[in-house]
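Shown next: input-v6.tsv, containing TSV, C-alpha atoms.
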```tsv
chain	number	residue	atom	x	y	z
A	1	MET	CA	13.99	-13.96	8.48
A	2	GLN	CA	12.25	-14.91	11.70
A	3	THR	CA	8.54	-14.99	12.48
A	4	LEU	CA	7.24	-11.47	13.09
A	5	THR	CA	4.45	-10.53	15.52
A	6	VAL	CA	2.53	-7.43	14.45
A	7	SER	CA	-0.23	-5.71	16.41
A	8	LEU	CA	-2.79	-3.56	14.57
A	9	ILE	CA	-4.30	-0.72	16.62
A	10	GLN	CA	-7.57	0.28	14.93
A	11	GLY	CA	-8.62	3.19	17.13
A	12	ALA	CA	-11.10	6.06	17.24
A	13	THR	CA	-8.77	9.06	17.11
A	14	ARG	CA	-9.83	12.09	19.19
A	15	TRP	CA	-10.15	15.23	17.07
A	16	HIS	CA	-7.40	17.82	17.68
A	17	ASP	CA	-6.59	16.35	21.11
A	18	ALA	CA	-2.96	15.26	21.21
A	19	ALA	CA	-2.87	14.71	24.97
A	20	GLY	CA	-6.10	12.70	24.87
A	21	ASN	CA	-4.80	10.59	22.00
A	22	ARG	CA	-1.52	9.90	23.77
A	23	ALA	CA	-3.45	8.60	26.76
A	24	TYR	CA	-5.91	6.64	24.62
A	25	TYR	CA	-3.44	5.04	22.23
A	26	GLY	CA	-0.83	4.59	24.95
A	27	ALA	CA	-3.18	2.28	26.86
A	28	LEU	CA	-3.90	0.25	23.72
A	29	VAL	CA	-0.21	-0.08	22.86
A	30	ARG	CA	0.68	-1.16	26.40
A	31	GLY	CA	-1.93	-3.90	26.07
A	32	VAL	CA	0.15	-5.56	23.34
A	33	ALA	CA	3.58	-4.86	24.85
A	34	GLY	CA	6.15	-7.28	23.54
A	35	SER	CA	4.86	-7.47	19.97
A	36	ASP	CA	7.68	-7.00	17.51
A	37	LEU	CA	5.79	-4.22	15.70
A	38	VAL	CA	2.77	-2.11	16.68
A	39	VAL	CA	1.01	-0.13	13.93
A	40	LEU	CA	-1.12	2.97	14.64
A	41	PRO	CA	-3.30	4.90	12.14
A	42	GLU	CA	-2.37	7.96	10.09
A	43	THR	CA	-2.20	11.28	12.03
A	44	PHE	CA	-3.26	9.43	15.17
A	45	LEU	CA	-2.53	12.34	17.55
A	46	SER	CA	-4.70	14.88	15.71
A	47	GLY	CA	-6.95	13.26	13.12
A	48	PHE	CA	-6.53	14.00	9.41
A	49	THR	CA	-6.50	17.77	9.68
A	50	ASN	CA	-5.74	20.73	7.45
A	51	ASP	CA	-5.55	22.99	10.51
A	52	THR	CA	-1.80	22.64	10.60
A	53	LEU	CA	-0.95	25.85	12.49
A	54	VAL	CA	-2.61	24.51	15.64
A	55	ASN	CA	-1.87	20.80	15.31
A	56	ALA	CA	1.64	20.55	13.85
A	57	ASP	CA	4.36	19.28	16.16
A	58	THR	CA	8.12	19.26	15.57
A	59	MET	CA	10.64	16.44	15.59
A	60	ASP	CA	11.75	17.72	19.01
A	61	GLY	CA	8.17	17.94	20.27
A	62	GLU	CA	6.00	15.78	22.49
A	63	GLY	CA	4.67	13.43	19.81
A	64	VAL	CA	7.96	11.95	18.62
A	65	ALA	CA	9.36	11.87	22.15
A	66	TRP	CA	6.26	10.02	23.33
A	67	MET	CA	6.54	7.42	20.55
A	68	ARG	CA	10.22	6.81	21.27
A	69	ALA	CA	9.64	6.49	25.01
A	70	LEU	CA	6.68	4.14	24.52
A	71	ALA	CA	8.66	1.94	22.14
A	72	THR	CA	11.41	1.65	24.75
A	73	GLU	CA	8.92	0.98	27.55
A	74	THR	CA	7.02	-1.76	25.71
A	75	GLY	CA	9.93	-3.35	23.85
A	76	SER	CA	8.03	-2.97	20.56
A	77	THR	CA	8.81	-1.05	17.41
A	78	LEU	CA	6.05	1.56	17.06
A	79	THR	CA	4.87	3.27	13.87
A	80	GLY	CA	2.15	5.70	12.77
A	81	SER	CA	2.08	9.18	11.22
A	82	LEU	CA	2.10	12.63	12.82
A	83	VAL	CA	1.65	16.19	11.56
A	84	ILE	CA	5.20	17.57	11.70
A	85	ARG	CA	6.48	21.06	10.90
A	86	GLU	CA	10.02	21.69	9.65
A	87	ASP	CA	10.84	25.35	9.05
A	88	ASP	CA	7.97	26.64	6.88
A	89	THR	CA	6.77	23.23	5.64
A	90	VAL	CA	4.39	20.76	7.29
A	91	TYR	CA	4.62	17.04	6.54
A	92	ASN	CA	2.36	14.06	7.10
A	93	ARG	CA	5.28	12.12	8.55
A	94	LEU	CA	5.37	8.44	9.46
A	95	ILE	CA	7.64	7.79	12.43
A	96	TRP	CA	9.35	4.43	12.90
A	97	ALA	CA	10.41	4.27	16.58
A	98	SER	CA	12.54	1.36	17.78
A	99	PRO	CA	12.89	0.08	21.36
A	100	ASP	CA	16.58	1.04	21.43
A	101	GLY	CA	15.63	4.73	21.09
A	102	SER	CA	16.54	5.08	17.43
A	103	PHE	CA	14.01	6.20	14.85
A	104	ALA	CA	13.48	6.77	11.14
A	105	TYR	CA	10.77	8.59	9.22
A	106	TYR	CA	8.95	8.71	5.90
A	107	ASP	CA	7.10	11.74	4.52
A	108	LYS	CA	3.88	10.90	2.69
A	109	ARG	CA	4.65	11.16	-1.01
A	110	HIS	CA	1.13	11.40	-2.46
A	111	LEU	CA	-0.98	14.18	-0.97
A	112	PHE	CA	-4.76	13.85	-1.10
A	113	ARG	CA	-5.76	16.80	-3.27
A	114	MET	CA	-9.49	16.10	-2.93
A	115	ALA	CA	-9.17	17.28	0.68
A	116	GLY	CA	-6.61	20.02	-0.09
A	117	GLU	CA	-3.73	18.18	1.55
A	118	HIS	CA	-1.43	19.17	-1.30
A	119	THR	CA	-1.97	22.89	-0.51
A	120	ARG	CA	-0.98	22.61	3.16
A	121	TYR	CA	1.59	19.83	3.30
A	122	GLY	CA	4.89	19.12	1.62
A	123	GLY	CA	5.38	15.79	-0.13
A	124	GLY	CA	8.19	13.32	0.43
A	125	ASN	CA	10.69	12.30	-2.22
A	126	ARG	CA	12.17	9.05	-0.94
A	127	ARG	CA	10.97	5.62	0.07
A	128	LEU	CA	11.95	4.25	3.45
A	129	ILE	CA	12.77	0.57	3.86
A	130	VAL	CA	13.49	-0.60	7.39
A	131	GLU	CA	14.60	-3.97	8.73
A	132	LEU	CA	13.10	-5.89	11.64
A	133	LYS	CA	13.96	-9.50	12.54
A	134	GLY	CA	15.31	-10.04	9.03
A	135	TRP	CA	12.20	-8.62	7.33
A	136	ARG	CA	12.54	-5.70	4.95
A	137	ILE	CA	9.51	-3.44	5.48
A	138	LEU	CA	8.16	-0.59	3.35
A	139	PRO	CA	6.01	1.81	5.45
A	140	GLN	CA	3.62	4.11	3.58
A	141	VAL	CA	0.75	6.51	4.31
A	142	CYS	CA	-2.88	6.25	3.17
A	143	TYR	CA	-3.23	7.77	-0.36
A	144	ASP	CA	0.15	6.26	-1.32
A	145	LEU	CA	-1.74	2.97	-1.62
A	146	ARG	CA	-3.25	4.11	-4.95
A	147	PHE	CA	0.11	4.48	-6.74
A	148	PRO	CA	1.61	1.13	-7.77
A	149	VAL	CA	4.67	2.57	-9.53
A	150	TRP	CA	5.86	4.17	-6.28
A	151	LEU	CA	5.27	0.87	-4.47
A	152	ARG	CA	6.78	-1.51	-7.03
A	153	ASN	CA	8.87	-4.22	-5.42
A	154	GLY	CA	12.16	-4.89	-7.17
A	155	HIS	CA	14.60	-7.80	-7.21
A	156	ARG	CA	17.41	-7.56	-4.67
A	157	GLU	CA	19.87	-10.42	-4.99
A	158	GLU	CA	21.65	-9.83	-1.67
A	159	ALA	CA	18.46	-9.74	0.45
A	160	GLU	CA	17.31	-12.98	2.06
A	161	GLY	CA	13.86	-12.65	0.53
A	162	GLY	CA	15.37	-11.75	-2.84
A	163	MET	CA	13.40	-8.51	-3.20
A	164	ASP	CA	13.41	-4.89	-2.03
A	165	TYR	CA	10.85	-5.59	0.67
A	166	ASP	CA	8.87	-8.44	2.22
A	167	LEU	CA	6.07	-6.47	3.89
A	168	SER	CA	4.45	-3.17	3.01
A	169	LEU	CA	2.26	-1.41	5.53
A	170	PHE	CA	-0.17	1.48	5.15
A	171	VAL	CA	-1.35	3.70	7.98
A	172	ALA	CA	-4.55	5.48	7.03
A	173	ASN	CA	-7.53	7.74	7.67
A	174	TRP	CA	-9.58	6.21	4.84
A	175	PRO	CA	-13.27	7.23	4.99
A	176	THR	CA	-16.18	4.82	4.77
A	177	PRO	CA	-17.47	5.97	1.33
A	178	ARG	CA	-14.21	4.75	-0.23
A	179	ARG	CA	-13.86	1.53	1.72
A	180	GLN	CA	-14.15	-0.71	-1.35
A	181	PRO	CA	-11.06	0.78	-3.06
A	182	TRP	CA	-9.16	0.46	0.24
A	183	ARG	CA	-9.95	-3.23	0.56
A	184	THR	CA	-9.29	-3.93	-3.13
A	185	LEU	CA	-6.01	-2.04	-3.35
A	186	LEU	CA	-4.54	-3.75	-0.29
A	187	ARG	CA	-5.01	-7.07	-2.05
A	188	ALA	CA	-3.68	-5.79	-5.36
A	189	ARG	CA	-0.50	-4.44	-3.77
A	190	ALA	CA	0.17	-7.80	-2.12
A	191	ILE	CA	-0.39	-9.82	-5.29
A	192	GLU	CA	1.63	-7.66	-7.66
A	193	ASN	CA	4.56	-7.19	-5.28
A	194	LEU	CA	4.85	-10.77	-3.96
A	195	ALA	CA	4.74	-9.46	-0.39
A	196	TYR	CA	2.62	-9.37	2.74
A	197	VAL	CA	0.55	-6.19	3.16
A	198	ILE	CA	-0.84	-4.61	6.32
A	199	GLY	CA	-3.32	-1.75	6.33
A	200	VAL	CA	-4.33	0.02	9.57
A	201	ASN	CA	-7.22	2.47	9.37
A	202	ARG	CA	-9.09	4.40	12.06
A	203	VAL	CA	-12.75	4.14	13.10
A	204	GLY	CA	-15.36	6.60	14.36
A	205	VAL	CA	-16.27	10.06	13.05
A	206	ASP	CA	-13.77	12.91	12.76
A	207	GLY	CA	-14.14	16.65	13.23
A	208	ASN	CA	-15.17	17.07	9.60
A	209	GLN	CA	-18.03	14.60	10.20
A	210	LEU	CA	-16.38	11.97	8.01
A	211	PRO	CA	-17.10	8.38	9.12
A	212	TYR	CA	-14.45	5.66	9.10
A	213	ALA	CA	-15.23	1.95	8.76
A	214	GLY	CA	-11.87	0.55	9.84
A	215	ASP	CA	-11.39	-2.45	7.57
A	216	SER	CA	-7.82	-2.86	8.77
A	217	ALA	CA	-6.36	-6.04	7.36
A	218	VAL	CA	-3.39	-8.33	6.93
A	219	ILE	CA	-3.07	-9.76	3.41
A	220	ASP	CA	-0.82	-12.63	2.36
A	221	PRO	CA	1.29	-12.61	-0.85
A	222	VAL	CA	-1.44	-14.23	-2.95
A	223	GLY	CA	-4.05	-11.69	-1.86
A	224	GLU	CA	-5.83	-13.76	0.78
A	225	PRO	CA	-6.75	-11.96	4.01
A	226	LEU	CA	-5.22	-13.41	7.17
A	227	ILE	CA	-7.15	-10.88	9.28
A	228	GLU	CA	-9.96	-8.48	8.44
A	229	LEU	CA	-11.25	-6.11	11.12
A	230	GLY	CA	-14.69	-4.55	11.39
A	231	ALA	CA	-15.88	-0.98	11.96
A	232	GLN	CA	-15.27	-0.73	15.70
A	233	GLU	CA	-12.22	-0.21	17.87
A	234	GLN	CA	-10.13	-3.35	17.64
A	235	VAL	CA	-6.64	-4.44	18.59
A	236	VAL	CA	-5.36	-7.66	17.08
A	237	THR	CA	-1.99	-9.38	16.85
A	238	VAL	CA	-0.89	-11.61	13.98
A	239	THR	CA	2.25	-13.70	13.51
A	240	LEU	CA	3.75	-13.51	10.04
A	241	ASP	CA	5.65	-16.56	8.83
A	242	PRO	CA	8.32	-15.98	6.16
A	243	ALA	CA	8.17	-19.56	4.85
A	244	PRO	CA	5.00	-19.21	2.72
A	245	LEU	CA	6.31	-15.93	1.32
A	246	LEU	CA	9.66	-17.39	0.28
A	247	ALA	CA	8.02	-20.51	-1.16
A	248	HIS	CA	5.59	-18.42	-3.22
A	249	ARG	CA	8.40	-16.31	-4.65
A	250	GLU	CA	10.30	-19.45	-5.54
A	251	ARG	CA	7.47	-21.10	-7.45
A	252	PHE	CA	5.97	-17.92	-8.93
A	253	PRO	CA	8.84	-15.51	-9.75
A	254	ALA	CA	6.72	-12.93	-11.57
A	255	TRP	CA	9.34	-10.27	-10.81
A	256	MET	CA	11.47	-11.76	-13.58
A	257	ASP	CA	8.99	-10.50	-16.18
A	258	ALA	CA	8.43	-7.04	-14.68
A	259	ASP	CA	8.97	-3.91	-16.76
A	260	ARG	CA	12.00	-1.80	-15.98
A	261	PHE	CA	11.51	1.92	-15.33
A	262	ALA	CA	12.82	4.86	-13.34
A	263	ILE	CA	10.72	7.24	-11.21
A	264	ASP	CA	11.02	10.98	-11.87
A	265	ILE	CA	10.71	12.34	-8.32
A	266	ASP	CA	10.34	15.93	-9.54
A	267	ALA	CA	7.49	15.16	-11.94
```
With the file now loaded, output its structure as structure tokens.
Amino acid sequence: MQTLTVSLIQGATRWHDAAGNRAYYGALVRGVAGSDLVVLPETFLSGFTNDTLVNADTMDGEGVAWMRALATETGSTLTGSLVIREDDTVYNRLIWASPDGSFAYYDKRHLFRMAGEHTRYGGGNRRLIVELKGWRILPQVCYDLRFPVWLRNGHREEAEGGMDYDLSLFVANWPTPRRQPWRTLLRARAIENLAYVIGVNRVGVDGNQLPYAGDSAVIDPVGEPLIELGAQEQVVTVTLDPAPLLAHRERFPAWMDADRFAIDIDA
């Protein structure tokens, strides 16, 4: 594992304006070109919308192509979620675009029923773990943060860090009225999983008149914030050092006492 530079793009997403968001976020991403990883918010080309007929793209559409091209241009891995249609199903899909042109994706598993997301989107059924500079990274989307069983880090003998993942990240559209759970759960997920955690939220007010307070953060494995952002547009870069993580796991191997279980994906 090498040191990892990660840039958090806490932006004010334009409502239902994919072209405007590509221009807006493209400029912010180019400003941190060369970071190992650049993290954008959830549904950053549309806002968190249930108007899927108008705003859904496809995997062959402009959104994914733009992310792949921008990753290649800047030399940074780029991630964030898009509204993607496949056949008759729409997904809140996180794209992981690498500078070499390759990509992977994760479909949001937990759909936010309080906003009707579960009636308009299909849910994912697999976790994605990607590797970057020796780090094993678990990317997730917003409401997934509330479900610790889905996020449980397991022991992995053959991995350098000794566990399934070393960093989990959450891209989000998490409104201001629920900012305290957001901030608390980021810390909880870091502590219980012996891993770094990054959360990237948006700011501003969306088309449903919901306000967003940002509160993007980088949390270390003992739950201490390395970075905490405010409620305005901010772009910040942090360097993650694997040494404190590996030392903490060595002296506090709580995973050895974890309960064993299996997840029923169809439940």
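Picture a line from atom CA of Arg189 of chain A to atom CA of Pro148 of chain A; it runs 7.2 Å.
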Among A:Ser81, A:Gln140, A:Asn201, A:Gln209, Leu94 of chain A is approached most closely, using all atoms listed in the file, by A:Ser81
What lies within 8 Å of Asn173 of chain A using all atoms listed in the file, ignoring chain neighbours under 3 positions off, as a VMD selection string?
chain A and resid 41 to 43 47 to 48 142 201 to 202 212
Distance cut-off 12 Å, centre (8.7, 7.1, 23.1) in file coordinates, counting only C-alpha atoms: which residues qualify? Return them as a PyMOL selection string.
chain A and resi 22+26+29-30+60-79+95-103
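Using all atoms listed in the file, the nearest neighbour of Asp264 of chain A within the list A:Ser46, A:Trp150, A:Leu4, A:Leu37 is A:Trp150.
When atom CA of Ala254 of chain A is paired with atom CA of Val6 of chain A, their separation reads 26.9 Å.
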Output segment 171-197 of chain A with N, CA and C atoms present, as a PDB file, in the frame of the given file.
```pdb
ATOM      1  N   VAL A 171      -0.580   3.095   6.897  1.00  0.00           N
ATOM      2  CA  VAL A 171      -1.350   3.700   7.980  1.00  0.00           C
ATOM      3  C   VAL A 171      -2.300   4.698   7.334  1.00  0.00           C
ATOM      4  N   ALA A 172      -3.549   4.768   7.812  1.00  0.00           N
ATOM      5  CA  ALA A 172      -4.550   5.480   7.030  1.00  0.00           C
ATOM      6  C   ALA A 172      -5.620   6.147   7.889  1.00  0.00           C
ATOM      7  N   ASN A 173      -6.225   7.185   7.297  1.00  0.00           N
ATOM      8  CA  ASN A 173      -7.530   7.740   7.670  1.00  0.00           C
ATOM      9  C   ASN A 173      -8.360   7.659   6.391  1.00  0.00           C
ATOM     10  N   TRP A 174      -8.914   6.493   6.115  1.00  0.00           N
ATOM     11  CA  TRP A 174      -9.580   6.210   4.840  1.00  0.00           C
ATOM     12  C   TRP A 174     -11.075   6.143   5.091  1.00  0.00           C
ATOM     13  N   PRO A 175     -11.858   7.130   4.620  1.00  0.00           N
ATOM     14  CA  PRO A 175     -13.270   7.230   4.990  1.00  0.00           C
ATOM     15  C   PRO A 175     -14.137   6.098   4.441  1.00  0.00           C
ATOM     16  N   THR A 176     -15.245   5.893   5.112  1.00  0.00           N
ATOM     17  CA  THR A 176     -16.180   4.820   4.770  1.00  0.00           C
ATOM     18  C   THR A 176     -16.650   4.847   3.321  1.00  0.00           C
ATOM     19  N   PRO A 177     -16.976   6.006   2.723  1.00  0.00           N
ATOM     20  CA  PRO A 177     -17.470   5.970   1.330  1.00  0.00           C
ATOM     21  C   PRO A 177     -16.495   5.367   0.334  1.00  0.00           C
ATOM     22  N   ARG A 178     -15.209   5.318   0.681  1.00  0.00           N
ATOM     23  CA  ARG A 178     -14.210   4.750  -0.230  1.00  0.00           C
ATOM     24  C   ARG A 178     -13.632   3.447   0.302  1.00  0.00           C
ATOM     25  N   ARG A 179     -14.399   2.734   1.100  1.00  0.00           N
ATOM     26  CA  ARG A 179     -13.860   1.530   1.720  1.00  0.00           C
ATOM     27  C   ARG A 179     -13.598   0.417   0.709  1.00  0.00           C
ATOM     28  N   GLN A 180     -14.383   0.350  -0.381  1.00  0.00           N
ATOM     29  CA  GLN A 180     -14.150  -0.710  -1.350  1.00  0.00           C
ATOM     30  C   GLN A 180     -12.802  -0.558  -2.054  1.00  0.00           C
ATOM     31  N   PRO A 181     -12.411   0.642  -2.510  1.00  0.00           N
ATOM     32  CA  PRO A 181     -11.060   0.780  -3.060  1.00  0.00           C
ATOM     33  C   PRO A 181      -9.968   0.420  -2.050  1.00  0.00           C
ATOM     34  N   TRP A 182     -10.139   0.795  -0.796  1.00  0.00           N
ATOM     35  CA  TRP A 182      -9.160   0.460   0.240  1.00  0.00           C
ATOM     36  C   TRP A 182      -8.949  -1.053   0.310  1.00  0.00           C
ATOM     37  N   ARG A 183     -10.038  -1.779   0.414  1.00  0.00           N
ATOM     38  CA  ARG A 183      -9.950  -3.230   0.560  1.00  0.00           C
ATOM     39  C   ARG A 183      -9.379  -3.871  -0.706  1.00  0.00           C
ATOM     40  N   THR A 184      -9.764  -3.367  -1.870  1.00  0.00           N
ATOM     41  CA  THR A 184      -9.290  -3.930  -3.130  1.00  0.00           C
ATOM     42  C   THR A 184      -7.813  -3.644  -3.355  1.00  0.00           C
ATOM     43  N   LEU A 185      -7.399  -2.427  -3.089  1.00  0.00           N
ATOM     44  CA  LEU A 185      -6.010  -2.040  -3.350  1.00  0.00           C
ATOM     45  C   LEU A 185      -5.027  -2.737  -2.416  1.00  0.00           C
ATOM     46  N   LEU A 186      -5.419  -2.988  -1.180  1.00  0.00           N
ATOM     47  CA  LEU A 186      -4.540  -3.750  -0.290  1.00  0.00           C
ATOM     48  C   LEU A 186      -4.216  -5.109  -0.893  1.00  0.00           C
ATOM     49  N   ARG A 187      -5.226  -5.754  -1.441  1.00  0.00           N
ATOM     50  CA  ARG A 187      -5.010  -7.070  -2.050  1.00  0.00           C
ATOM     51  C   ARG A 187      -4.169  -6.967  -3.311  1.00  0.00           C
ATOM     52  N   ALA A 188      -4.447  -5.952  -4.117  1.00  0.00           N
ATOM     53  CA  ALA A 188      -3.680  -5.790  -5.360  1.00  0.00           C
ATOM     54  C   ALA A 188      -2.210  -5.563  -5.076  1.00  0.00           C
ATOM     55  N   ARG A 189      -1.900  -4.722  -4.074  1.00  0.00           N
ATOM     56  CA  ARG A 189      -0.500  -4.440  -3.770  1.00  0.00           C
ATOM     57  C   ARG A 189       0.227  -5.688  -3.292  1.00  0.00           C
ATOM     58  N   ALA A 190      -0.456  -6.560  -2.564  1.00  0.00           N
ATOM     59  CA  ALA A 190       0.170  -7.800  -2.120  1.00  0.00           C
ATOM     60  C   ALA A 190       0.455  -8.718  -3.300  1.00  0.00           C
ATOM     61  N   ILE A 191      -0.526  -8.897  -4.168  1.00  0.00           N
ATOM     62  CA  ILE A 191      -0.390  -9.820  -5.290  1.00  0.00           C
ATOM     63  C   ILE A 191       0.707  -9.380  -6.244  1.00  0.00           C
ATOM     64  N   GLU A 192       0.692  -8.106  -6.631  1.00  0.00           N
ATOM     65  CA  GLU A 192       1.630  -7.660  -7.660  1.00  0.00           C
ATOM     66  C   GLU A 192       3.058  -7.536  -7.143  1.00  0.00           C
ATOM     67  N   ASN A 193       3.218  -7.390  -5.830  1.00  0.00           N
ATOM     68  CA  ASN A 193       4.560  -7.190  -5.280  1.00  0.00           C
ATOM     69  C   ASN A 193       5.102  -8.407  -4.538  1.00  0.00           C
ATOM     70  N   LEU A 194       4.371  -9.534  -4.583  1.00  0.00           N
ATOM     71  CA  LEU A 194       4.850 -10.770  -3.960  1.00  0.00           C
ATOM     72  C   LEU A 194       5.282 -10.513  -2.518  1.00  0.00           C
ATOM     73  N   ALA A 195       4.402  -9.872  -1.748  1.00  0.00           N
ATOM     74  CA  ALA A 195       4.740  -9.460  -0.390  1.00  0.00           C
ATOM     75  C   ALA A 195       3.498  -9.483   0.486  1.00  0.00           C
ATOM     76  N   TYR A 196       3.705  -9.602   1.788  1.00  0.00           N
ATOM     77  CA  TYR A 196       2.620  -9.370   2.740  1.00  0.00           C
ATOM     78  C   TYR A 196       2.266  -7.877   2.723  1.00  0.00           C
ATOM     79  N   VAL A 197       1.010  -7.572   3.036  1.00  0.00           N
ATOM     80  CA  VAL A 197       0.550  -6.190   3.160  1.00  0.00           C
ATOM     81  C   VAL A 197      -0.267  -6.048   4.436  1.00  0.00           C
TER      82      VAL A 197
END
```
